[in-house]
Amino acid sequence: MSAAPLRVGVVGVGVMGADHAGRLAHRVAGADLVAVSDPDTARAAELAARFDGVRVVGDPLDLIADERVDAVLIASPGSVHEEQVLACVEHGKPTLCEKPLTMDGESSLRVVEAERKAGRPLVQVGFMRRFDPEYAEMKRLVDSGDLGRILLVHNTHRNLRAADSFRSEMIVRDSLVHEVDVCRWLFGEEIETITVLAPRPTGEAAEGVLDPQVAIFRMAGGGMATSEVFVNSQVGYEVRCEAVAERGNATIGLGQSVFVRRAGQYGGRIPDDWRDRFARAYDLEVQAWVDAARRGEVAGPTSWDGYAATAVCTAGMESLATGRPVTVAMADRADVLGGGRG
Ligand code: ISE
């Protein structure tokens with residue numbers, strides 16, 4: 001491992017980028033936050049001023065090319081990920097890219113191919129659920145085979161509320177994408193078909209937004225998964241996952257932390273959003289990325305995982321529009337990766 005700390009630049013300092021900047025500056029070992037970039041330069045300057053020695057770079061492509069930046073964390077909107085991740089690959093910079101990797105399967109495949117041509121793995125995709133201690137324990141249990149073969153997964157993914165600009169297809173591409181990754185990871189298989197249905201929408205969603213939605217995945221090995229995504233639930237951030245196997249089942253996300261009795265009531269706290277619920281997972285994810293980058297490696301979800309997830313969501317958006325099951329169009333892994341990493 002390199003003795004020097006990894007000099008990290010953050011591209012996009014909205015909600016998640018600002019959260020990651022604080023994590024890199026204060027909670028992750030072996031990393032120095034050295035630069036930030038955001039189209040909102042005032043926001044970038046305000047964030048940089050909170051830390052010592054952090055430069056503001058106007059153009060994200062200049063930050064990526066900067067020789068004083070060793071690695072890049074991309075937390076910009078998904079619509080600019082392709083250009084930015086490709087630039088990172090071109091400059092040989094280890095990259096942690098927030099989900100979704102890009103906006104659709106075809107563009108994500110271009111990233112996979114560019115990384116392969118670069119000749120070494122560089123890209124980790126920000127599917128933080130894999131680093132959450134509860135999810136990780138569930139994965140270990142499933143993989144141990146103690147419960148027999150996994151047959152079904154049921155996911156619940158609820159947000160307190162979403163901006164009016166968060167439209168129906170974004171519920172698939174930006175929210176359901178997490179459950180897509182969780183199911184591929186738990187089953188260890190690709191998703192073959194996806195159906196996305198919507199009941200009558202909540203009156204709390206913006207006009208025309210189909211919220212909640214229910215997605216059904218058919219896995220390549222015959223397993224199935226259901227996922228409810230409800231981004232205007234008005235309750236809080238609730239993420240649960242139940243894996244049903246031949247000889248038992250396992251559930252995570254019951255939120256059993258401190259149990260309080262007060263004023264004739266009892267109960268616990270429901271977090272407002274993902275930064276709170278998955279704080280530990282994000283810390284572990286970014287630490288794993290930094291450690292791997294310092295060794296010249298990549299840990300966690302790969303560009304292939306990012307590609308597979310966007311390919312499924314591309315099919316999911318089509319299903320949402322038609323109400324019919326859609327077969328996921330994916331390139332053959334061995335053809336693209338040539339039997340290598342992915
Ligand atoms: C957001 O971008 C996230 O990644 C959250 O985990 C998810 O719950 C939310 O729905 C997305 O908008």
# chains A, B, ... in the order shown; residues from 1 in each chain; ligands from 1
$ residues_around --residues "range 243-254 of chain A" --least-positions-apart "5" --cutoff "10 Å" --atoms "only C-alpha atoms" --output "number ranges by chain"
A: 133-139, 141-142, 145-156, 183, 186-187, 225, 238, 277
$ residues_around --residues "range 31-34 of chain A" --least-positions-apart "6" --cutoff "6 Å" --atoms "only C-alpha atoms" --output "PDB file with C-alpha atoms, in the first residue's frame"
ATOM      1  CA  PRO A   5      -2.430   9.507   1.808  1.00  0.00           C
ATOM      2  CA  LEU A   6      -4.700   9.325  -1.230  1.00  0.00           C
ATOM      3  CA  ARG A   7      -5.416  12.859  -2.502  1.00  0.00           C
ATOM      4  CA  VAL A   8      -9.135  12.831  -3.315  1.00  0.00           C
ATOM      5  CA  GLY A   9     -11.223  15.267  -5.337  1.00  0.00           C
ATOM      6  CA  LEU A  24     -13.178  11.979   3.619  1.00  0.00           C
ATOM      7  CA  ALA A  25     -11.988  14.900   5.710  1.00  0.00           C
ATOM      8  CA  VAL A  54      -9.271  22.204  -0.176  1.00  0.00           C
TER       9      VAL A  54
END
$ closest_atom_pairs --of "chain A" --to "ligand 1" --cutoff "10 Å" --atoms "only C-alpha atoms and all ligand atoms" --output "JSON lines"
{"residue": "A:Val15", "atom": "CA", "partner": "ligand 1", "partner_atom_place_in_ligand_line": "2 (O)", "distance": 9.2}
{"residue": "A:Met16", "atom": "CA", "partner": "ligand 1", "partner_atom_place_in_ligand_line": "2 (O)", "distance": 8.2}
{"residue": "A:Ala75", "atom": "CA", "partner": "ligand 1", "partner_atom_place_in_ligand_line": "2 (O)", "distance": 10.0}
{"residue": "A:Pro77", "atom": "CA", "partner": "ligand 1", "partner_atom_place_in_ligand_line": "2 (O)", "distance": 9.4}
{"residue": "A:Gly78", "atom": "CA", "partner": "ligand 1", "partner_atom_place_in_ligand_line": "2 (O)", "distance": 9.7}
{"residue": "A:Glu98", "atom": "CA", "partner": "ligand 1", "partner_atom_place_in_ligand_line": "4 (O)", "distance": 8.1}
{"residue": "A:Lys99", "atom": "CA", "partner": "ligand 1", "partner_atom_place_in_ligand_line": "4 (O)", "distance": 7.0}
{"residue": "A:Pro100", "atom": "CA", "partner": "ligand 1", "partner_atom_place_in_ligand_line": "2 (O)", "distance": 8.6}
{"residue": "A:Gly126", "atom": "CA", "partner": "ligand 1", "partner_atom_place_in_ligand_line": "4 (O)", "distance": 8.8}
{"residue": "A:Phe127", "atom": "CA", "partner": "ligand 1", "partner_atom_place_in_ligand_line": "4 (O)", "distance": 8.4}
{"residue": "A:Met128", "atom": "CA", "partner": "ligand 1", "partner_atom_place_in_ligand_line": "6 (O)", "distance": 8.5}
{"residue": "A:Arg129", "atom": "CA", "partner": "ligand 1", "partner_atom_place_in_ligand_line": "6 (O)", "distance": 8.7}
{"residue": "A:His157", "atom": "CA", "partner": "ligand 1", "partner_atom_place_in_ligand_line": "8 (O)", "distance": 6.7}
{"residue": "A:Arg158", "atom": "CA", "partner": "ligand 1", "partner_atom_place_in_ligand_line": "8 (O)", "distance": 6.8}
{"residue": "A:Asn159", "atom": "CA", "partner": "ligand 1", "partner_atom_place_in_ligand_line": "8 (O)", "distance": 5.8}
{"residue": "A:Leu160", "atom": "CA", "partner": "ligand 1", "partner_atom_place_in_ligand_line": "8 (O)", "distance": 9.2}
{"residue": "A:Arg161", "atom": "CA", "partner": "ligand 1", "partner_atom_place_in_ligand_line": "10 (O)", "distance": 8.9}
{"residue": "A:Ala162", "atom": "CA", "partner": "ligand 1", "partner_atom_place_in_ligand_line": "12 (O)", "distance": 7.4}
{"residue": "A:Ala163", "atom": "CA", "partner": "ligand 1", "partner_atom_place_in_ligand_line": "12 (O)", "distance": 9.3}
{"residue": "A:Phe166", "atom": "CA", "partner": "ligand 1", "partner_atom_place_in_ligand_line": "12 (O)", "distance": 7.9}
{"residue": "A:Met170", "atom": "CA", "partner": "ligand 1", "partner_atom_place_in_ligand_line": "12 (O)", "distance": 7.8}
{"residue": "A:Ile171", "atom": "CA", "partner": "ligand 1", "partner_atom_place_in_ligand_line": "10 (O)", "distance": 6.8}
{"residue": "A:Val172", "atom": "CA", "partner": "ligand 1", "partner_atom_place_in_ligand_line": "10 (O)", "distance": 9.1}
{"residue": "A:Arg173", "atom": "CA", "partner": "ligand 1", "partner_atom_place_in_ligand_line": "12 (O)", "distance": 9.0}
{"residue": "A:Asp174", "atom": "CA", "partner": "ligand 1", "partner_atom_place_in_ligand_line": "11 (C)", "distance": 5.4}
{"residue": "A:Ser175", "atom": "CA", "partner": "ligand 1", "partner_atom_place_in_ligand_line": "10 (O)", "distance": 4.1}
{"residue": "A:Leu176", "atom": "CA", "partner": "ligand 1", "partner_atom_place_in_ligand_line": "10 (O)", "distance": 7.5}
{"residue": "A:Val177", "atom": "CA", "partner": "ligand 1", "partner_atom_place_in_ligand_line": "4 (O)", "distance": 8.5}
{"residue": "A:His178", "atom": "CA", "partner": "ligand 1", "partner_atom_place_in_ligand_line": "6 (O)", "distance": 7.2}
{"residue": "A:Glu179", "atom": "CA", "partner": "ligand 1", "partner_atom_place_in_ligand_line": "8 (O)", "distance": 10.0}
{"residue": "A:Val229", "atom": "CA", "partner": "ligand 1", "partner_atom_place_in_ligand_line": "10 (O)", "distance": 7.9}
{"residue": "A:Phe230", "atom": "CA", "partner": "ligand 1", "partner_atom_place_in_ligand_line": "10 (O)", "distance": 8.3}
{"residue": "A:Val231", "atom": "CA", "partner": "ligand 1", "partner_atom_place_in_ligand_line": "10 (O)", "distance": 6.0}
{"residue": "A:Asn232", "atom": "CA", "partner": "ligand 1", "partner_atom_place_in_ligand_line": "10 (O)", "distance": 9.4}
{"residue": "A:Tyr237", "atom": "CA", "partner": "ligand 1", "partner_atom_place_in_ligand_line": "8 (O)", "distance": 7.2}
{"residue": "A:Glu238", "atom": "CA", "partner": "ligand 1", "partner_atom_place_in_ligand_line": "8 (O)", "distance": 8.5}
{"residue": "A:Val239", "atom": "CA", "partner": "ligand 1", "partner_atom_place_in_ligand_line": "8 (O)", "distance": 8.0}
{"residue": "A:Asp273", "atom": "CA", "partner": "ligand 1", "partner_atom_place_in_ligand_line": "8 (O)", "distance": 7.2}
{"residue": "A:Trp274", "atom": "CA", "partner": "ligand 1", "partner_atom_place_in_ligand_line": "6 (O)", "distance": 5.1}
{"residue": "A:Arg275", "atom": "CA", "partner": "ligand 1", "partner_atom_place_in_ligand_line": "6 (O)", "distance": 8.0}
{"residue": "A:Arg277", "atom": "CA", "partner": "ligand 1", "partner_atom_place_in_ligand_line": "6 (O)", "distance": 9.2}
{"residue": "A:Phe278", "atom": "CA", "partner": "ligand 1", "partner_atom_place_in_ligand_line": "6 (O)", "distance": 8.3}
$ select_by_dssp --residues "range 95-225 of chain A" --states "helix (DSSP H, G or I)" --output "PyMOL selection string"
chain A and resi 105-118+128-131+133-144+168-187
$ residues_around --residues "Glu189 in chain A" --least-positions-apart "4" --cutoff "12 Å" --atoms "only C-alpha atoms" --output "list in words"
Ile150, Val180, Asp181, Val182, Cys183, Arg184, Trp185, Phe217, Arg218, Met219, Ala220, Gly221, Gly222, Gly223, Met224, Asp305, Ala308, Ala309 and Arg333 of chain A
$ write_last_selection --atoms "N, CA and C atoms" --output "CSV table (one decimal), in the first residue's frame"
chain,number,residue,atom,x,y,z
A,150,ILE,N,-31.7,-19.9,-1.7
A,150,ILE,CA,-32.5,-18.7,-1.6
A,150,ILE,C,-33.5,-18.7,-2.8
A,180,VAL,N,-32.2,-3.5,-7.2
A,180,VAL,CA,-31.7,-4.2,-8.3
A,180,VAL,C,-30.3,-4.8,-7.9
A,181,ASP,N,-29.4,-3.9,-7.4
A,181,ASP,CA,-28.1,-4.4,-7.0
A,181,ASP,C,-28.2,-5.4,-5.9
A,182,VAL,N,-29.0,-5.1,-4.9
A,182,VAL,CA,-29.1,-6.0,-3.7
A,182,VAL,C,-29.5,-7.4,-4.2
A,183,CYS,N,-30.5,-7.5,-5.1
A,183,CYS,CA,-30.9,-8.8,-5.6
A,183,CYS,C,-29.9,-9.5,-6.4
A,184,ARG,N,-29.2,-8.8,-7.3
A,184,ARG,CA,-28.1,-9.5,-8.1
A,184,ARG,C,-27.1,-10.0,-7.1
A,185,TRP,N,-26.8,-9.2,-6.1
A,185,TRP,CA,-25.7,-9.6,-5.1
A,185,TRP,C,-26.1,-10.8,-4.3
A,217,PHE,N,-38.8,-9.0,-10.1
A,217,PHE,CA,-37.6,-9.4,-10.9
A,217,PHE,C,-37.7,-10.9,-11.0
A,218,ARG,N,-37.4,-11.5,-12.2
A,218,ARG,CA,-37.2,-12.9,-12.3
A,218,ARG,C,-35.7,-13.1,-12.5
A,219,MET,N,-35.1,-13.9,-11.6
A,219,MET,CA,-33.6,-14.1,-11.7
A,219,MET,C,-33.3,-15.1,-12.7
A,220,ALA,N,-32.0,-15.1,-13.2
A,220,ALA,CA,-31.6,-16.1,-14.2
A,220,ALA,C,-31.8,-17.5,-13.7
A,221,GLY,N,-31.6,-17.7,-12.4
A,221,GLY,CA,-31.6,-19.1,-11.9
A,221,GLY,C,-33.0,-19.5,-11.5
A,222,GLY,N,-34.1,-18.7,-11.7
A,222,GLY,CA,-35.4,-19.0,-11.4
A,222,GLY,C,-36.0,-18.4,-10.1
A,223,GLY,N,-35.1,-17.8,-9.3
A,223,GLY,CA,-35.6,-17.1,-8.1
A,223,GLY,C,-36.4,-15.8,-8.5
A,224,MET,N,-37.1,-15.3,-7.5
A,224,MET,CA,-37.9,-14.1,-7.8
A,224,MET,C,-37.7,-13.0,-6.7
A,305,ASP,N,-21.2,-4.3,-12.4
A,305,ASP,CA,-22.4,-4.3,-11.5
A,305,ASP,C,-23.2,-3.0,-11.8
A,308,ALA,N,-24.9,-3.6,-15.1
A,308,ALA,CA,-26.1,-4.6,-15.0
A,308,ALA,C,-27.3,-3.8,-14.4
A,309,ALA,N,-27.0,-3.0,-13.4
A,309,ALA,CA,-28.1,-2.3,-12.7
A,309,ALA,C,-28.8,-1.3,-13.6
A,333,ARG,N,-21.3,-11.3,-20.5
A,333,ARG,CA,-20.1,-10.9,-19.7
A,333,ARG,C,-18.8,-11.3,-20.2
$ select_by_dssp --residues "range 87-298 of chain A" --states "strand (DSSP E)" --output "MDAnalysis selection string"
chainID A and resid 95:98 123:126 150:158 191:197 213:219 224:230 238:245 248:252 260:262 265:267
$ residues_around --residues "Gly268 in chain A" --least-positions-apart "6" --cutoff "7 Å" --atoms "only C-alpha atoms" --output "MDAnalysis selection string"
chainID A and resid 257:260
$ closest_residue --among "A:Met1, A:Ala65, A:Ala281, A:Val214" --to "His20 in chain A" --atoms "only C-alpha atoms"
A:Ala281
$ residues_around --residues "Arg120 in chain A" --least-positions-apart "2" --cutoff "12 Å" --atoms "only C-alpha atoms" --output "list in words"
Val89, Glu90, His91, Gly92, Lys93, Pro94, Val112, Glu113, Ala114, Glu115, Arg116, Lys117, Ala118, Leu122, Val123, Ala293, Gly296, Glu297, Val298, Thr302, Ser303, Leu337, Gly340, Arg341 and Gly342 of chain A
$ residues_around --residues "Asp38 in chain A" --least-positions-apart "4" --cutoff "12 Å" --atoms "only C-alpha atoms" --output "MDAnalysis selection string"
chainID A and resid 9:15 17:18 42:48 55:63 74:77 80
$ closest_residue --among "A:Val69, A:Leu320, A:Leu210, A:Ile64" --to "Gln84 in chain A" --atoms "only C-alpha atoms"
A:Ile64
